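Coordinates as given in start-v4.txt (compact mmCIF, C-alpha atoms):
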# COMPACT_ATOMS: atom_id res chain seq x y z
CA MET S 113 31.44 -13.62 -13.37
CA CYS S 114 32.72 -12.80 -9.90
CA ASP S 115 36.43 -12.20 -9.25
CA PHE S 116 36.40 -13.16 -5.59
CA PRO S 117 39.61 -14.94 -4.57
CA SER S 118 38.92 -18.12 -2.63
CA SER S 119 41.70 -17.14 -0.20
CA ASN S 120 39.39 -14.35 1.10
CA LEU S 121 36.50 -16.72 1.86
CA PRO S 122 37.48 -17.69 5.47
CA ARG S 123 37.97 -14.03 6.47
CA THR S 124 34.67 -13.01 4.85
CA LEU S 125 32.77 -15.82 6.56
CA ASN S 126 34.31 -14.80 9.89
CA GLN S 127 33.17 -11.19 9.36
CA VAL S 128 29.63 -12.31 8.49
CA THR S 129 29.49 -14.55 11.57
CA SER S 130 30.78 -11.74 13.79
CA TYR S 131 28.18 -9.38 12.40
CA LYS S 132 25.42 -11.93 12.86
CA LEU S 133 26.38 -12.44 16.51
CA SER S 134 26.47 -8.70 17.19
CA VAL S 135 22.87 -8.12 16.08
CA GLN S 136 20.66 -7.48 19.11
CA CYS S 137 17.37 -9.35 19.12
CA LEU S 138 14.50 -9.21 21.58
CA PRO S 139 14.24 -12.31 23.75
CA LYS S 140 11.23 -14.45 22.90
CA GLU S 141 9.76 -13.85 26.38
CA SER S 142 9.32 -10.14 25.66
CA TRP S 143 7.31 -10.65 22.46
CA ALA S 144 4.02 -10.89 24.37
CA SER S 145 4.53 -7.42 25.88
CA LEU S 146 5.09 -5.74 22.51
CA ASN S 147 2.40 -3.30 21.45
CA VAL S 148 1.62 -3.83 17.76
CA GLU S 149 0.97 -0.10 17.33
CA ASP S 150 4.52 0.62 18.55
CA THR S 151 6.08 -1.68 15.95
CA ALA S 152 3.78 -1.02 12.98
CA PRO S 153 5.37 0.78 10.04
CA ILE S 154 4.29 4.38 9.49
CA LEU S 155 2.59 5.14 6.19
CA ARG S 156 3.64 8.52 4.83
CA CYS S 157 0.86 10.23 2.91
CA HIS S 158 1.56 13.17 0.65
CA ALA S 159 -1.77 15.02 0.36
CA VAL S 160 -5.47 14.95 1.09
CA LEU S 161 -7.29 14.28 -2.18
CA PRO S 162 -11.07 13.76 -1.94
CA LEU S 163 -12.33 11.16 -4.39
CA ASP S 164 -14.60 13.64 -6.16
CA GLN S 165 -11.51 15.72 -7.05
CA ILE S 166 -9.77 12.93 -9.04
CA THR S 167 -9.67 13.56 -12.79
CA GLU S 168 -7.87 12.18 -15.81
CA ALA S 169 -6.07 15.54 -16.08
CA LEU S 170 -4.78 15.24 -12.52
CA TYR S 171 -3.55 11.71 -13.24
CA GLY S 172 -1.78 13.05 -16.33
CA TRP S 173 0.05 15.62 -14.23
CA LEU S 174 1.00 12.96 -11.68
CA ARG S 175 2.50 10.86 -14.48
CA ARG S 176 4.88 13.74 -15.20
CA LEU S 177 6.50 13.10 -11.80
CA GLU S 178 7.87 9.80 -13.08
CA PRO S 179 10.14 7.93 -12.86
CA LEU S 180 9.18 7.06 -9.31
CA GLY S 181 11.42 5.19 -6.90
CA ASN S 182 14.14 5.85 -4.40
CA GLY S 183 14.26 9.58 -3.74
CA ASN S 184 11.05 10.22 -5.71
CA GLU S 185 8.28 8.39 -3.90
CA GLU S 186 4.98 7.56 -5.52
CA PRO S 187 2.35 9.88 -4.04
CA ILE S 188 -0.07 8.40 -1.52
CA PHE S 189 -3.29 10.32 -1.00
CA VAL S 190 -5.82 10.37 1.82
CA ALA S 191 -9.60 10.69 1.56
CA TYR S 192 -11.76 11.04 4.68
CA ASN S 193 -15.34 9.88 5.21
CA VAL S 194 -15.55 7.74 2.09
CA ARG S 195 -18.69 5.64 1.66
CA VAL S 196 -18.70 1.98 0.60
CA THR S 197 -21.37 1.72 -2.13
CA ALA S 198 -21.44 -2.02 -2.89
CA PRO S 199 -20.54 -5.31 -1.22
CA ALA S 200 -16.81 -6.08 -1.19
CA ARG S 201 -15.89 -8.26 -4.16
CA PRO S 202 -13.21 -10.87 -3.38
CA ILE S 203 -10.53 -11.51 -6.00
CA LYS S 204 -8.73 -14.87 -5.84
CA ASP S 205 -9.40 -15.30 -2.07
CA ARG S 206 -6.65 -12.85 -0.99
CA HIS S 207 -7.51 -9.61 -2.72
CA VAL S 208 -10.58 -7.39 -2.68
CA CYS S 209 -12.30 -4.75 -4.79
CA LEU S 210 -14.37 -2.07 -3.05
CA GLN S 211 -16.70 0.45 -4.68
CA LEU S 212 -16.26 3.81 -2.94
CA ALA S 213 -17.86 7.24 -3.28
CA GLN S 214 -17.37 10.64 -1.70
CA GLY S 215 -18.49 14.23 -2.12
CA ALA S 216 -21.37 16.06 -3.71
CA ARG S 217 -20.85 14.51 -7.15
CA GLY S 218 -20.83 11.04 -5.59
CA ALA S 219 -18.45 9.72 -8.23
CA SER S 220 -17.86 6.01 -7.66
CA TRP S 221 -14.37 4.51 -7.73
CA SER S 222 -13.06 0.97 -7.74
CA ALA S 223 -10.46 0.46 -5.03
CA LEU S 224 -8.27 -2.63 -5.22
CA GLY S 225 -6.70 -4.06 -2.10
CA TRP S 226 -3.90 -6.54 -2.75
CA ASP S 227 -3.81 -9.03 0.17
CA TRP S 228 -6.61 -7.06 1.87
CA ALA S 229 -9.50 -9.57 1.71
CA ALA S 230 -9.07 -10.88 5.28
CA ARG S 231 -8.73 -7.40 6.78
CA VAL S 232 -11.77 -6.06 4.93
CA GLN S 233 -13.78 -9.06 6.08
CA ALA S 234 -12.59 -8.56 9.68
CA LEU S 235 -13.67 -4.90 9.54
CA GLY S 236 -17.14 -5.99 8.44
CA LEU S 237 -17.36 -3.42 5.66
CA GLU S 238 -20.71 -3.36 3.91
CA PRO S 239 -22.60 -0.89 1.72
CA GLY S 240 -23.09 2.31 3.70
CA SER S 241 -19.93 1.85 5.82
CA VAL S 242 -17.88 5.03 6.12
CA LEU S 243 -14.10 4.90 6.23
CA HIS S 244 -10.88 6.85 5.81
CA ILE S 245 -8.59 5.57 3.06
CA ALA S 246 -4.97 6.05 1.99
CA TYR S 247 -4.54 5.20 -1.67
CA LYS S 248 -2.47 5.40 -4.84
CA LEU S 249 -3.92 6.22 -8.26
CA ARG S 250 -3.60 3.55 -10.92
CA GLN S 251 -4.46 3.23 -14.60
CA ASN S 252 -6.03 -0.15 -15.35
CA GLN S 253 -5.28 -1.14 -18.96
CA HIS S 254 -7.87 -3.95 -19.17
CA PRO S 255 -10.00 -3.49 -22.33
CA GLU S 256 -13.32 -4.34 -20.57
CA TYR S 257 -13.00 -2.52 -17.25
CA GLY S 258 -9.99 -0.28 -17.63
CA GLY S 259 -9.57 3.31 -16.52
CA LEU S 260 -8.50 5.08 -13.37
CA GLU S 261 -8.81 3.17 -10.12
CA LEU S 262 -7.50 3.34 -6.57
CA GLU S 263 -5.00 0.99 -4.97
CA ILE S 264 -5.58 0.71 -1.23
CA ALA S 265 -2.52 1.58 0.86
CA ASP S 266 -4.46 1.62 4.15
CA LEU S 267 -7.97 2.10 5.45
CA ALA S 268 -9.79 2.46 8.73
CA PRO S 269 -13.40 2.87 9.77
CA ALA S 270 -14.39 6.51 10.27
CA GLY S 271 -15.44 7.52 13.73

As structure tokens, please, write out the structure in this file.
Amino acid sequence: MCDFPSSNLPRTLNQVTSYKLSVQCLPKESWASLNVEDTAPILRCHAVLPLDQITEALYGWLRRLEPLGNGNEEPIFVAYNVRVTAPARPIKDRHVCLQLAQGARGASWSALGWDWAARVQALGLEPGSVLHIAYKLRQNQHPEYGGLELEIADLAPAG
């Protein structure tokens, strides 16, 4: 229950309105001149981790960093020159699963991209494509296809 006296409501509404009016917004006419790269959020990655270096033991050590959240960010890793090994598999029209490999061992990893289906399609990724990927490590608990997998944070074609 909230103990907010109704007598304070007009003053509070006035403060909210004043704040709202003081916020500076770009005029609609200037939107066309905005460069998307200037306004895009910056993804902070914590370390380079080639896919052939991922192990269950490493994931176990990463779990010891928990709890994750404000002030203790979940680590985001980068892998360069990763090869797509199978056609992209759409999941419920919006999501995608990629099979990726890298390094001498050529270990293959599933990489899930939540809301990435359209972007992957626009990039024209196909088996043999090479890309750079930013990712998080995840443990899939599904009994049939569980295990470690990657969650795509960002990707771009190599070269």

Next on the checklist: Taking 3 positions as the minimum chain separation for residues in the same chain, which residues sit within 9 Å of Phe189 in chain S when counting only C-alpha atoms? Answer as a list of chain:residue names.
Outcome noted: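 Everything that qualifies: S:Cys157, S:His158, S:Ala159, S:Val160, S:Leu161, S:Pro162, S:Ile245, S:Ala246, S:Tyr247, S:Lys248, S:Leu249, S:Ala265.
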
Write out the residues from the selection above, keeping C-alpha atoms, as a PDB file, in the coordinates of the input.
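Saved as again13.pdb:
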ATOM      1  CA  CYS S 157       0.860  10.230   2.910  1.00  0.00           C
ATOM      2  CA  HIS S 158       1.560  13.170   0.650  1.00  0.00           C
ATOM      3  CA  ALA S 159      -1.770  15.020   0.360  1.00  0.00           C
ATOM      4  CA  VAL S 160      -5.470  14.950   1.090  1.00  0.00           C
ATOM      5  CA  LEU S 161      -7.290  14.280  -2.180  1.00  0.00           C
ATOM      6  CA  PRO S 162     -11.070  13.760  -1.940  1.00  0.00           C
ATOM      7  CA  ILE S 245      -8.590   5.570   3.060  1.00  0.00           C
ATOM      8  CA  ALA S 246      -4.970   6.050   1.990  1.00  0.00           C
ATOM      9  CA  TYR S 247      -4.540   5.200  -1.670  1.00  0.00           C
ATOM     10  CA  LYS S 248      -2.470   5.400  -4.840  1.00  0.00           C
ATOM     11  CA  LEU S 249      -3.920   6.220  -8.260  1.00  0.00           C
ATOM     12  CA  ALA S 265      -2.520   1.580   0.860  1.00  0.00           C
TER      13      ALA S 265
END

Next on the checklist: So, with all atoms listed in the file as the atoms that count, which of S:Gln165, S:Gln251, S:Ser241, S:Thr197 lies closest to Ala216 in chain S?
Outcome noted: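 Of S:Gln165, S:Gln251, S:Ser241, S:Thr197, the one nearest Ala216 in chain S, counting all atoms listed in the file, is S:Gln165.
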
Next on the checklist: To one decimal place in Å, what is the distance between CA of His254 in chain S and CA of Glu238 in chain S?
Outcome noted: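 Spanning CA of His254 in chain S to CA of Glu238 in chain S is a straight-line distance of 26.4 Å.
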
Item to check | Surrounding residues of Leu260 in chain S excluding itself and chain neighbours under 5 positions, 12 Å, all atoms listed in the file, as an NGL selection string | outcome: :S and (163 or 166-172 or 220-224 or 248-254)

Item to check | CA of Glu261 in chain S to CA of Val190 in chain S, straight-line distance in Å | outcome: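 So the two atoms, CA of Val190 in chain S and CA of Glu261 in chain S, lie 14.3 Å apart.
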
Next on the checklist: I'd like to know which of S:Ile188, S:Gly240, S:Gly218, S:Arg206 is closest to Leu262 in chain S, using all atoms listed in the file.
Outcome noted: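 Closest to Leu262 in chain S, using all atoms listed in the file: S:Ile188.
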
Item to check | Of the listed residues S:Cys209, S:Val242, S:Ala191, S:Leu237, that which approaches Asp164 in chain S most closely, counting all atoms listed in the file | outcome: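 Nearest candidate to Asp164 in chain S out of S:Cys209, S:Val242, S:Ala191, S:Leu237: S:Ala191.
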
Return the padded bounding box of range 188-197 of chain S as AutoDock Vina command-line options: axis-aligned, built from all atoms listed in the file, 6 Å added on each side, with centre and edge lengths in Å to one decimal.
--center_x -10.7 --center_y 6.4 --center_z 1.5 --size_x 33.3 --size_y 21.3 --size_z 19.3

Checklist entry - Rounded to one decimal in Å, what is the spacing between CA of Pro153 in chain S and CA of Arg175 in chain S? => result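 Pair CA of Pro153 in chain S / CA of Arg175 in chain S returns 26.7 Å.
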
Checklist entry - Looking at S:Asn193, S:Leu180, S:Pro187, S:Gln233, which one is nearest to Asp205 in chain S, with distances taken over all atoms listed in the file? => result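 Ranked by minimum distance to Asp205 in chain S, first place goes to S:Gln233.
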
Next on the checklist: Please determine, counting all atoms listed in the file, which residue among S:Leu243, S:Ile154, S:Ile264, S:Leu174 has the shortest atom-to-atom distance to Tyr192 in chain S.
Outcome noted: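 Checking each of S:Leu243, S:Ile154, S:Ile264, S:Leu174 against Tyr192 in chain S, counting all atoms listed in the file, the winner is S:Leu243.
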
From the structure block, carefully write range 190-201 of chain S out with all heavy atoms; format it as a PDB file, in the first residue's frame.
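To be explicit, this is the file written out as selection.pdb:
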ATOM      1  N   VAL S 190      34.522 -12.560 -27.589  1.00  0.00           N
ATOM      2  CA  VAL S 190      34.640 -12.331 -29.023  1.00  0.00           C
ATOM      3  C   VAL S 190      35.447 -13.473 -29.627  1.00  0.00           C
ATOM      4  O   VAL S 190      36.446 -13.911 -29.046  1.00  0.00           O
ATOM      5  CB  VAL S 190      35.366 -10.999 -29.311  1.00  0.00           C
ATOM      6  CG1 VAL S 190      35.575 -10.796 -30.804  1.00  0.00           C
ATOM      7  CG2 VAL S 190      34.596  -9.830 -28.735  1.00  0.00           C
ATOM      8  N   ALA S 191      35.008 -13.941 -30.786  1.00  0.00           N
ATOM      9  CA  ALA S 191      35.760 -14.922 -31.569  1.00  0.00           C
ATOM     10  C   ALA S 191      35.832 -14.393 -32.998  1.00  0.00           C
ATOM     11  O   ALA S 191      34.819 -13.973 -33.561  1.00  0.00           O
ATOM     12  CB  ALA S 191      35.096 -16.289 -31.519  1.00  0.00           C
ATOM     13  N   TYR S 192      37.045 -14.395 -33.559  1.00  0.00           N
ATOM     14  CA  TYR S 192      37.269 -13.882 -34.907  1.00  0.00           C
ATOM     15  C   TYR S 192      37.390 -15.017 -35.910  1.00  0.00           C
ATOM     16  O   TYR S 192      37.866 -16.100 -35.578  1.00  0.00           O
ATOM     17  CB  TYR S 192      38.547 -13.034 -34.945  1.00  0.00           C
ATOM     18  CG  TYR S 192      38.473 -11.801 -34.076  1.00  0.00           C
ATOM     19  CD1 TYR S 192      39.136 -11.757 -32.856  1.00  0.00           C
ATOM     20  CD2 TYR S 192      37.724 -10.704 -34.462  1.00  0.00           C
ATOM     21  CE1 TYR S 192      39.067 -10.627 -32.055  1.00  0.00           C
ATOM     22  CE2 TYR S 192      37.639  -9.571 -33.671  1.00  0.00           C
ATOM     23  CZ  TYR S 192      38.314  -9.541 -32.468  1.00  0.00           C
ATOM     24  OH  TYR S 192      38.227  -8.424 -31.672  1.00  0.00           O
ATOM     25  N   ASN S 193      36.965 -14.746 -37.129  1.00  0.00           N
ATOM     26  CA  ASN S 193      37.105 -15.688 -38.244  1.00  0.00           C
ATOM     27  C   ASN S 193      36.481 -17.053 -37.930  1.00  0.00           C
ATOM     28  O   ASN S 193      37.124 -18.093 -38.032  1.00  0.00           O
ATOM     29  CB  ASN S 193      38.573 -15.830 -38.645  1.00  0.00           C
ATOM     30  CG  ASN S 193      39.140 -14.502 -39.087  1.00  0.00           C
ATOM     31  OD1 ASN S 193      38.514 -13.788 -39.876  1.00  0.00           O
ATOM     32  ND2 ASN S 193      40.294 -14.138 -38.562  1.00  0.00           N
ATOM     33  N   VAL S 194      35.233 -16.991 -37.543  1.00  0.00           N
ATOM     34  CA  VAL S 194      34.445 -18.182 -37.231  1.00  0.00           C
ATOM     35  C   VAL S 194      33.731 -18.610 -38.518  1.00  0.00           C
ATOM     36  O   VAL S 194      33.235 -17.771 -39.267  1.00  0.00           O
ATOM     37  CB  VAL S 194      33.427 -17.856 -36.118  1.00  0.00           C
ATOM     38  CG1 VAL S 194      32.504 -19.018 -35.870  1.00  0.00           C
ATOM     39  CG2 VAL S 194      34.154 -17.452 -34.844  1.00  0.00           C
ATOM     40  N   ARG S 195      33.677 -19.905 -38.755  1.00  0.00           N
ATOM     41  CA  ARG S 195      33.081 -20.440 -39.977  1.00  0.00           C
ATOM     42  C   ARG S 195      31.677 -20.969 -39.706  1.00  0.00           C
ATOM     43  O   ARG S 195      31.452 -21.694 -38.729  1.00  0.00           O
ATOM     44  CB  ARG S 195      33.986 -21.557 -40.494  1.00  0.00           C
ATOM     45  CG  ARG S 195      33.756 -22.014 -41.893  1.00  0.00           C
ATOM     46  CD  ARG S 195      34.845 -22.992 -42.361  1.00  0.00           C
ATOM     47  NE  ARG S 195      35.527 -23.713 -41.297  1.00  0.00           N
ATOM     48  CZ  ARG S 195      35.084 -24.848 -40.757  1.00  0.00           C
ATOM     49  NH1 ARG S 195      33.959 -25.380 -41.142  1.00  0.00           N
ATOM     50  NH2 ARG S 195      35.789 -25.444 -39.792  1.00  0.00           N
ATOM     51  N   VAL S 196      30.734 -20.610 -40.569  1.00  0.00           N
ATOM     52  CA  VAL S 196      29.375 -21.166 -40.517  1.00  0.00           C
ATOM     53  C   VAL S 196      29.446 -22.540 -41.173  1.00  0.00           C
ATOM     54  O   VAL S 196      29.931 -22.673 -42.299  1.00  0.00           O
ATOM     55  CB  VAL S 196      28.365 -20.248 -41.260  1.00  0.00           C
ATOM     56  CG1 VAL S 196      26.974 -20.870 -41.244  1.00  0.00           C
ATOM     57  CG2 VAL S 196      28.345 -18.860 -40.650  1.00  0.00           C
ATOM     58  N   THR S 197      28.980 -23.588 -40.469  1.00  0.00           N
ATOM     59  CA  THR S 197      29.143 -24.957 -40.973  1.00  0.00           C
ATOM     60  C   THR S 197      27.859 -25.597 -41.494  1.00  0.00           C
ATOM     61  O   THR S 197      27.915 -26.678 -42.069  1.00  0.00           O
ATOM     62  CB  THR S 197      29.723 -25.870 -39.873  1.00  0.00           C
ATOM     63  OG1 THR S 197      28.818 -25.907 -38.779  1.00  0.00           O
ATOM     64  CG2 THR S 197      31.093 -25.369 -39.425  1.00  0.00           C
ATOM     65  N   ALA S 198      26.724 -24.928 -41.296  1.00  0.00           N
ATOM     66  CA  ALA S 198      25.447 -25.487 -41.752  1.00  0.00           C
ATOM     67  C   ALA S 198      24.498 -24.338 -42.070  1.00  0.00           C
ATOM     68  O   ALA S 198      24.708 -23.216 -41.608  1.00  0.00           O
ATOM     69  CB  ALA S 198      24.851 -26.386 -40.661  1.00  0.00           C
ATOM     70  N   PRO S 199      23.462 -24.597 -42.852  1.00  0.00           N
ATOM     71  CA  PRO S 199      22.491 -23.530 -43.120  1.00  0.00           C
ATOM     72  C   PRO S 199      21.861 -23.021 -41.823  1.00  0.00           C
ATOM     73  O   PRO S 199      21.673 -23.795 -40.870  1.00  0.00           O
ATOM     74  CB  PRO S 199      21.434 -24.210 -44.000  1.00  0.00           C
ATOM     75  CG  PRO S 199      22.124 -25.400 -44.589  1.00  0.00           C
ATOM     76  CD  PRO S 199      23.135 -25.832 -43.563  1.00  0.00           C
ATOM     77  N   ALA S 200      21.570 -21.733 -41.782  1.00  0.00           N
ATOM     78  CA  ALA S 200      20.904 -21.143 -40.610  1.00  0.00           C
ATOM     79  C   ALA S 200      19.552 -21.819 -40.420  1.00  0.00           C
ATOM     80  O   ALA S 200      18.816 -22.047 -41.385  1.00  0.00           O
ATOM     81  CB  ALA S 200      20.732 -19.643 -40.806  1.00  0.00           C
ATOM     82  N   ARG S 201      19.246 -22.149 -39.174  1.00  0.00           N
ATOM     83  CA  ARG S 201      17.973 -22.802 -38.861  1.00  0.00           C
ATOM     84  C   ARG S 201      17.066 -21.803 -38.149  1.00  0.00           C
ATOM     85  O   ARG S 201      17.361 -21.389 -37.022  1.00  0.00           O
ATOM     86  CB  ARG S 201      18.210 -24.022 -37.968  1.00  0.00           C
ATOM     87  CG  ARG S 201      16.946 -24.806 -37.658  1.00  0.00           C
ATOM     88  CD  ARG S 201      17.256 -26.115 -36.965  1.00  0.00           C
ATOM     89  NE  ARG S 201      18.134 -25.984 -35.820  1.00  0.00           N
ATOM     90  CZ  ARG S 201      17.726 -25.803 -34.566  1.00  0.00           C
ATOM     91  NH1 ARG S 201      16.449 -25.728 -34.285  1.00  0.00           N
ATOM     92  NH2 ARG S 201      18.612 -25.723 -33.588  1.00  0.00           N
TER      93      ARG S 201
END
